[in-house]
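With TSV, C-alpha atoms inside, this is query28.tsv:
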```tsv
chain	number	residue	atom	x	y	z
A	156	THR	CA	-35.50	-9.89	-34.83
A	157	ARG	CA	-31.71	-9.58	-35.10
A	158	ARG	CA	-32.10	-7.34	-38.15
A	159	LYS	CA	-34.68	-5.20	-36.33
A	160	PHE	CA	-32.33	-4.97	-33.32
A	161	LEU	CA	-29.39	-3.83	-35.46
A	162	ASN	CA	-31.52	-1.25	-37.25
A	163	ASN	CA	-32.47	0.25	-33.88
A	164	CYS	CA	-28.83	0.71	-32.79
A	165	PHE	CA	-27.83	4.32	-32.30
A	166	ASN	CA	-25.09	5.48	-34.65
A	167	ILE	CA	-22.70	7.48	-32.40
A	168	SER	CA	-20.05	8.35	-34.99
A	169	GLY	CA	-22.51	9.45	-37.64
A	170	LEU	CA	-21.35	6.72	-40.03
A	171	ARG	CA	-23.88	4.00	-40.80
A	172	GLU	CA	-21.13	1.30	-40.81
A	173	GLN	CA	-19.88	2.04	-37.27
A	174	LYS	CA	-22.78	1.38	-34.91
A	175	GLU	CA	-22.31	1.21	-31.14
A	176	LEU	CA	-24.72	-0.32	-28.63
A	177	LEU	CA	-26.09	1.84	-25.83
A	178	PRO	CA	-26.57	0.38	-22.33
A	179	LEU	CA	-29.97	-0.79	-21.14
A	180	LYS	CA	-32.12	1.86	-19.47
A	181	LEU	CA	-34.49	0.53	-16.82
A	182	ASN	CA	-37.29	2.29	-15.07
A	183	PRO	CA	-36.29	1.57	-11.42
A	184	PRO	CA	-39.76	1.15	-9.89
A	185	SER	CA	-41.14	-1.26	-12.52
A	186	GLY	CA	-37.90	-2.79	-13.83
A	187	LYS	CA	-39.33	-2.51	-17.37
A	188	MET	CA	-37.31	-1.37	-20.37
A	189	LEU	CA	-37.85	2.27	-21.29
A	190	HIS	CA	-38.95	3.22	-24.82
A	191	GLY	CA	-36.01	3.15	-27.23
A	192	ALA	CA	-33.64	1.43	-24.82
A	193	LEU	CA	-31.29	-1.29	-25.97
A	194	PRO	CA	-30.06	-4.46	-24.23
A	195	ALA	CA	-27.10	-3.96	-21.88
A	196	VAL	CA	-23.47	-4.55	-22.83
A	197	ALA	CA	-21.02	-5.51	-20.05
A	198	VAL	CA	-18.99	-2.47	-19.03
A	199	ASP	CA	-16.20	-4.05	-16.96
A	200	GLN	CA	-14.84	-6.98	-18.94
A	201	LYS	CA	-11.27	-6.79	-17.57
A	202	GLU	CA	-10.24	-9.99	-15.80
A	203	LYS	CA	-9.88	-9.68	-12.04
A	204	GLN	CA	-6.37	-10.27	-10.68
A	205	LYS	CA	-5.41	-10.86	-7.07
A	206	PRO	CA	-2.84	-8.45	-5.60
A	207	GLU	CA	0.84	-9.19	-6.14
A	208	LEU	CA	3.77	-7.47	-4.43
A	209	VAL	CA	6.29	-6.83	-7.20
A	210	LEU	CA	8.52	-4.74	-4.90
A	211	VAL	CA	8.57	-5.97	-1.31
A	212	PRO	CA	9.62	-3.93	1.74
A	213	GLU	CA	13.18	-4.63	2.86
A	214	PRO	CA	14.43	-4.77	6.45
A	215	ALA	CA	15.65	-1.40	7.73
A	216	ARG	CA	18.41	-0.63	10.20
A	217	VAL	CA	18.59	2.99	11.32
A	218	LEU	CA	20.18	4.97	14.13
A	219	GLU	CA	18.08	6.70	16.77
A	220	GLY	CA	16.77	9.99	15.48
A	221	GLU	CA	16.77	8.94	11.82
A	222	THR	CA	13.74	8.32	9.62
A	223	ALA	CA	12.89	4.72	8.77
A	224	ARG	CA	11.48	4.21	5.25
A	225	PHE	CA	9.72	1.19	3.78
A	226	ARG	CA	8.35	0.87	0.26
A	227	CYS	CA	6.43	-1.57	-1.91
A	228	ARG	CA	4.81	-1.80	-5.33
A	229	VAL	CA	1.56	-3.69	-5.85
A	230	THR	CA	-0.27	-4.88	-8.96
A	231	GLY	CA	-3.77	-6.32	-9.29
A	232	TYR	CA	-7.25	-5.53	-10.60
A	233	PRO	CA	-9.26	-3.86	-9.28
A	234	ILE	CA	-6.55	-1.67	-7.76
A	235	PRO	CA	-5.71	-3.19	-4.35
A	236	LYS	CA	-6.05	-1.27	-1.09
A	237	VAL	CA	-2.70	-1.17	0.72
A	238	ASN	CA	-2.34	-1.00	4.52
A	239	TRP	CA	0.79	-0.94	6.67
A	240	TYR	CA	1.03	-2.52	10.15
A	241	LEU	CA	3.49	-2.03	13.03
A	242	ASN	CA	3.55	-5.11	15.31
A	243	SER	CA	0.15	-6.14	13.86
A	244	GLN	CA	-1.41	-2.71	14.61
A	245	LEU	CA	-2.84	-0.79	11.63
A	246	ILE	CA	-0.81	2.35	10.87
A	247	ARG	CA	-2.81	5.51	10.18
A	248	LYS	CA	-1.38	8.63	8.57
A	249	SER	CA	-0.18	10.98	11.30
A	250	LYS	CA	2.64	13.31	12.28
A	251	ARG	CA	4.72	10.25	13.18
A	252	PHE	CA	3.74	8.01	10.25
A	253	ARG	CA	3.83	9.38	6.70
A	254	LEU	CA	2.04	7.37	4.01
A	255	ARG	CA	2.67	8.33	0.39
A	256	TYR	CA	1.95	6.91	-3.07
A	257	ASP	CA	3.49	7.81	-6.44
A	258	GLY	CA	3.14	4.43	-8.15
A	259	ILE	CA	5.08	3.01	-5.20
A	260	HIS	CA	3.64	2.91	-1.67
A	261	TYR	CA	5.86	4.47	1.03
A	262	LEU	CA	5.80	4.33	4.81
A	263	ASP	CA	8.09	6.76	6.65
A	264	ILE	CA	8.42	6.54	10.42
A	265	VAL	CA	9.63	9.93	11.64
A	266	ASP	CA	9.65	12.11	14.77
A	267	TYR	CA	12.80	10.83	16.45
A	268	VAL	CA	12.83	7.05	16.11
A	269	THR	CA	14.20	5.31	19.22
A	270	SER	CA	15.42	1.79	19.95
A	271	ASP	CA	11.97	1.12	21.47
A	272	ASP	CA	10.59	1.45	17.93
A	273	SER	CA	12.32	-1.72	16.71
A	274	ALA	CA	9.41	-3.74	15.36
A	275	SER	CA	7.87	-5.98	12.73
A	276	ILE	CA	6.47	-4.08	9.74
A	277	MET	CA	3.84	-5.69	7.51
A	278	VAL	CA	2.27	-4.46	4.28
A	279	LYS	CA	-1.01	-6.01	3.16
A	280	ALA	CA	-2.72	-5.53	-0.22
A	281	VAL	CA	-6.38	-6.54	-0.69
A	282	ASN	CA	-8.95	-6.50	-3.49
A	283	ILE	CA	-12.02	-8.62	-4.32
A	284	ALA	CA	-9.83	-11.19	-6.11
A	285	GLY	CA	-7.64	-11.89	-3.06
A	286	GLU	CA	-4.91	-10.58	-0.80
A	287	THR	CA	-1.16	-10.76	-0.22
A	288	SER	CA	1.26	-9.51	2.43
A	289	SER	CA	4.95	-9.20	3.20
A	290	HIS	CA	6.95	-8.61	6.39
A	291	ALA	CA	10.14	-6.70	7.14
A	292	PHE	CA	11.87	-5.81	10.39
A	293	LEU	CA	12.83	-2.36	11.67
A	294	LEU	CA	15.93	-2.33	13.86
A	295	VAL	CA	16.75	0.96	15.58
A	296	GLN	CA	20.24	1.12	17.05
A	297	GLY	CA	21.31	3.47	19.81
A	298	ASN	CA	23.50	6.38	18.79
A	299	PHE	CA	26.67	5.53	20.73
A	300	LYS	CA	28.50	8.64	19.56
A	301	SER	CA	26.62	10.65	22.15
A	302	LEU	CA	27.76	8.52	25.12
A	303	THR	CA	30.76	9.57	27.15
A	304	PHE	CA	32.60	7.17	29.41
A	305	ILE	CA	34.84	8.31	32.20
A	306	LEU	CA	37.32	5.75	33.42
A	307	LEU	CA	39.11	6.37	36.66
A	308	PRO	CA	42.34	4.59	37.40
A	309	ILE	CA	42.06	2.06	40.20
A	310	ILE	CA	44.89	2.18	42.68
A	311	ALA	CA	45.50	-0.83	44.81
A	312	ILE	CA	47.65	-0.35	47.83
A	313	THR	CA	48.99	-3.33	49.71
A	314	LEU	CA	50.18	-2.67	53.16
A	315	VAL	CA	52.88	-4.93	54.41
A	316	LYS	CA	53.28	-5.31	58.13
A	317	PRO	CA	56.81	-5.89	59.43
A	318	ILE	CA	57.40	-9.13	61.26
```

Would it be possible to restate this file's structure as structure tokens?
Amino acid sequence: TRRKFLNNCFNISGLREQKELLPLKLNPPSGKMLHGALPAVAVDQKEKQKPELVLVPEPARVLEGETARFRCRVTGYPIPKVNWYLNSQLIRKSKRFRLRYDGIHYLDIVDYVTSDDSASIMVKAVNIAGETSSHAFLLVQGNFKSLTFILLPIIAITLVKPI
């Protein structure tokens, strides 16, 4: 039967010596093999790998009005899904939050960052093999250059009464 099986293999390259196996074709309603179909060969044989953060986000300290940027790089198979969180709340792409990917995942917090935006930032990567996460802190400092202080001299007068 092995010889019969090999003789029925379709020769894709046109050379008798280089035979490739075609995937199994099933008739969905009956589940029976269609005429001329061959047994299936596993398509995805790559080993699954849980996500790993190979570049972790670092703490950021910015002045009010500046853009805060965080970045990370993730490996794993299948390709992990990456989400960013601000104080445990999922961040969605918006005018205020820019999410970008070019081999590295970026989170930019824009639109006039204030000291109220100081927060915990978390990145989480997930695939079917597992998950991983990392935390960083965003510290927004007030812009003290814009404050003006006026100091008035204090005059103390002591009145002395004659005896």

In terms of only C-alpha atoms, the residue from A:Asn282, A:Thr222, A:Asn238, A:Asn298 at minimal distance from A:His260 is A:Asn238

Return the single residue from A:Arg253, A:Lys205, A:Asp263, A:Arg216 that is closest to A:Ser288, with distances computed using all atoms listed in the file.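 Closest to A:Ser288, using all atoms listed in the file: A:Lys205.
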
Have a look at atom CA of A:Gly220 and atom CA of A:Ser289 and let me know their distance in Å, one decimal.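 For atom CA of A:Gly220 relative to atom CA of A:Ser289, the distance reads 25.7 Å.
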
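Our summary of the geometry notes that atom CA of A:Asp257 is positioned 24.9 Å from atom CA of A:Ser243.
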
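One distance worth recording is that between atom CA of A:Phe292 and atom CA of A:Glu213, which is 7.7 Å.
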
Around the point (11.9, -3.7, 17.2) (coordinates from the file), which residues reach within 6 Å if we count all atoms listed in the file? Answer as an mmCIF file with C-alpha atoms, keeping the file's coordinate frame.
```cif
data_model
loop_
_atom_site.group_PDB
_atom_site.id
_atom_site.type_symbol
_atom_site.label_atom_id
_atom_site.label_comp_id
_atom_site.auth_asym_id
_atom_site.auth_seq_id
_atom_site.Cartn_x
_atom_site.Cartn_y
_atom_site.Cartn_z
ATOM 1 C CA ASP A 272 10.590 1.450 17.930
ATOM 2 C CA SER A 273 12.320 -1.720 16.710
ATOM 3 C CA ALA A 274 9.410 -3.740 15.360
ATOM 4 C CA LEU A 293 12.830 -2.360 11.670
ATOM 5 C CA LEU A 294 15.930 -2.330 13.860
#
```

Given the point (15.4, 0.6, 2.4) in the coordinates of this file, which residues lie within 10 Å, counting all atoms listed in the file, and how would they look as a ChimeraX atom specification? /A:212-217,223-226

Taking all atoms listed in the file into account, name the residue in A:Gln200, A:Ser270, A:Thr287, A:Ser249 that is nearest to A:Lys236.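 The answer is A:Thr287, which sits nearest to A:Lys236.
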
Quick one: everything within 7 Å of A:Val281, counting only C-alpha atoms, minus sequence neighbours fewer than 4 positions away in the same chain. Send it as a ChimeraX atom specification. /A:206,235-237,285-287

Using all atoms listed in the file, the best pick from A:Thr269, A:Gln296, A:Gln204, A:Asn242 as closest to A:Val229 would be A:Gln204

Taking into account all atoms listed in the file, which residue in the set A:Val265, A:Ala280, A:Phe252, A:Glu221 is nearest to A:Leu208? A:Ala280

Of the candidates A:Arg247, A:Ile259, A:His290, A:Tyr232, which shows the shortest atom-to-atom distance to A:Met277, using only C-alpha atoms?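 Of the candidates, the smallest distance to A:Met277 is held by A:His290.
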